[in-house]
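This report concerns only the one structure given below.
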Amino acid sequence: MEELGHSLPKKKRKLISKILLVLGGIIIISLLVAGGFFSYQYWILQKTFGSQKAALEESRRLAAEVGKFMLLPANEVPTIATVNDTKKLKGQDFFKNAQNGDKILIYTNAREAILYRPQAHLIISVAPINVGGDQPSQATVARLGLRNGTDSTGLTYKVEGDIQKAFPGANIALRDQAKRYDYATTIVIPLTDPAKGAAADLAKALNATVGTLPAGETKPTDIDVLVILGKDRI
């Protein structure tokens, strides 16, 4: 090869060198573009699933804390909810000694709920789920958002009354207007994996369907379940 290189005319050797440089540049740029694409895809995945991962980590962390004081249901990660307004929970024995900031660990399969105070490392109350009318349910303790998907004024307040009848003390933390006004049916949207149980309970009570956030709608912050109200609730 070395003898062949020397035997080529000087102009041809320069041309070959330029071609090799160009090919090398193309390969490097291709690698950089591919790397940037995969980095972007990774960022999108992190953004999409970051909140769900954080919720799962909190569930496991709190379960580990409570597990130091009592035997917990095996092979189940609890749904976690936070007590934000004890005034809305008055009259319910389970929340009799609750304080704002307390955590509720809900074991759906084991049908058990635990009220826990992280700051004091104290178990406040333990109760079965849905055994008796005054026991907590996931829909009662989740942070709910109501979004009006129609042009009917005051629909969120009307439906709030229906939800409070089905789940006394339900925490309605958001009322706003959807981007569209033509939703025909009501959609119940769990915004985190642990909130799927609450979404299912709400959908059943409202005769609605569980779905995903429609295109164009913004995802609210600090909300577990978003209910987009359709014309079927008018």
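Naming works like this for the structure tokens: A, B, ... for the chains as they're shown, residue 1 at the start of each chain, ligands 1 onward in shown order.
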Would you kindly return, as a PyMOL selection string, each protein, DNA or RNA residue with an atom no farther than 12 Å from any atom of region 99-115 of chain A, considering only C-alpha atoms and excluding same-chain residues fewer than 6 positions away? chain A and resi 58-67+69-90+93+121-131+135-142+194-198+201
Hey, what's within 6 Å of region 181-190 of chain A if we count only C-alpha atoms and toss same-chain stuff fewer than 2 positions away? As number ranges by chain, please? A: 149-151, 192, 195-196, 199, 203, 208-212, 225-232
Mind checking which residues fall within 10 Å of Lys158 (chain A), counting only C-alpha atoms, ignoring those fewer than 5 positions away in the same chain, and posting them as a list of chain:residue names?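 Result of the neighbour search: A:Thr153, A:Ile163, A:Arg233, A:Ile234.
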Prev. selection, C-alpha atoms, output as an mmCIF file, in the first residue's frame:
```cif
data_model
loop_
_atom_site.group_PDB
_atom_site.id
_atom_site.type_symbol
_atom_site.label_atom_id
_atom_site.label_comp_id
_atom_site.auth_asym_id
_atom_site.auth_seq_id
_atom_site.Cartn_x
_atom_site.Cartn_y
_atom_site.Cartn_z
ATOM 1 C CA THR A 153 -71.739 27.355 33.625
ATOM 2 C CA ILE A 163 -68.940 13.259 44.151
ATOM 3 C CA ARG A 233 -73.265 15.476 33.173
ATOM 4 C CA ILE A 234 -75.482 18.437 32.276
#
```
For CA of Lys179 (chain A) and CA of Thr218 (chain A), determine how far apart the two atoms are, in Å to one decimal place.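 The value is 8.5 Å.
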Which of these, A:Arg180, A:Arg117, A:Lys165, A:Arg175, has the shortest distance to Ala205 (chain A) once you count only C-alpha atoms?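 Smallest distance to Ala205 (chain A) is found for A:Lys165.
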Of the residues A:Arg143, A:Leu202, A:Gln164, A:Val159, which is the one nearest to Asp222 (chain A), using only C-alpha atoms? A:Arg143
Measuring atom to atom with only C-alpha atoms, identify which of A:Gln177, A:Asn171, A:Lys96, A:Pro214 is nearest to Arg147 (chain A).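 When distances to Arg147 (chain A) are compared using only C-alpha atoms, the smallest one comes from A:Gln177.
Of note, CA of Tyr116 (chain A) and CA of Ile223 (chain A) are spaced 20.6 Å apart.
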Would you give me, as JSON, numbers by chain, the residues in region 64-179 of chain A that DSSP reads as alpha helix (DSSP H)? {"A": [64, 65, 66, 138, 139, 140, 141, 155, 156, 157, 158, 159, 160, 161, 162, 163, 164, 165, 166]}
Pull C-alpha atoms from the residues just selected and write them as a short mmCIF file (atom, residue, chain, number, x, y, z; two decimals), in the first residue's frame.
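Written output follows (again19.cif):
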```
data_model
loop_
_atom_site.label_atom_id
_atom_site.label_comp_id
_atom_site.auth_asym_id
_atom_site.auth_seq_id
_atom_site.Cartn_x
_atom_site.Cartn_y
_atom_site.Cartn_z
CA ALA A 64 -40.60 0.67 54.78
CA GLU A 65 -41.07 3.17 57.64
CA VAL A 66 -44.46 1.82 58.70
CA GLN A 138 -59.07 5.92 47.41
CA ALA A 139 -61.44 8.41 45.80
CA THR A 140 -62.00 10.04 49.19
CA VAL A 141 -58.34 10.70 49.94
CA LEU A 155 -71.01 22.32 36.03
CA THR A 156 -67.94 21.61 38.19
CA TYR A 157 -69.82 22.67 41.35
CA LYS A 158 -72.80 20.53 40.39
CA VAL A 159 -70.65 17.44 39.88
CA GLU A 160 -68.70 18.19 43.06
CA GLY A 161 -71.97 17.69 44.92
CA ASP A 162 -72.47 14.32 43.23
CA ILE A 163 -68.94 13.26 44.15
CA GLN A 164 -69.35 14.36 47.78
CA LYS A 165 -72.51 12.22 48.03
CA ALA A 166 -70.65 9.18 46.73
#
```
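Here CA of Lys68 (chain A) stands at a distance of 14.9 Å from CA of Gln119 (chain A).
Running DSSP on the backbone gives strand (DSSP E or B) for these residues within region 168-219 of chain A: Asn171, Ile172, Ala173, Leu174, Arg175, Asp176, Gln177, Ile187, Val188, Ile189, Pro190, Thr209 and Val210 of chain A.
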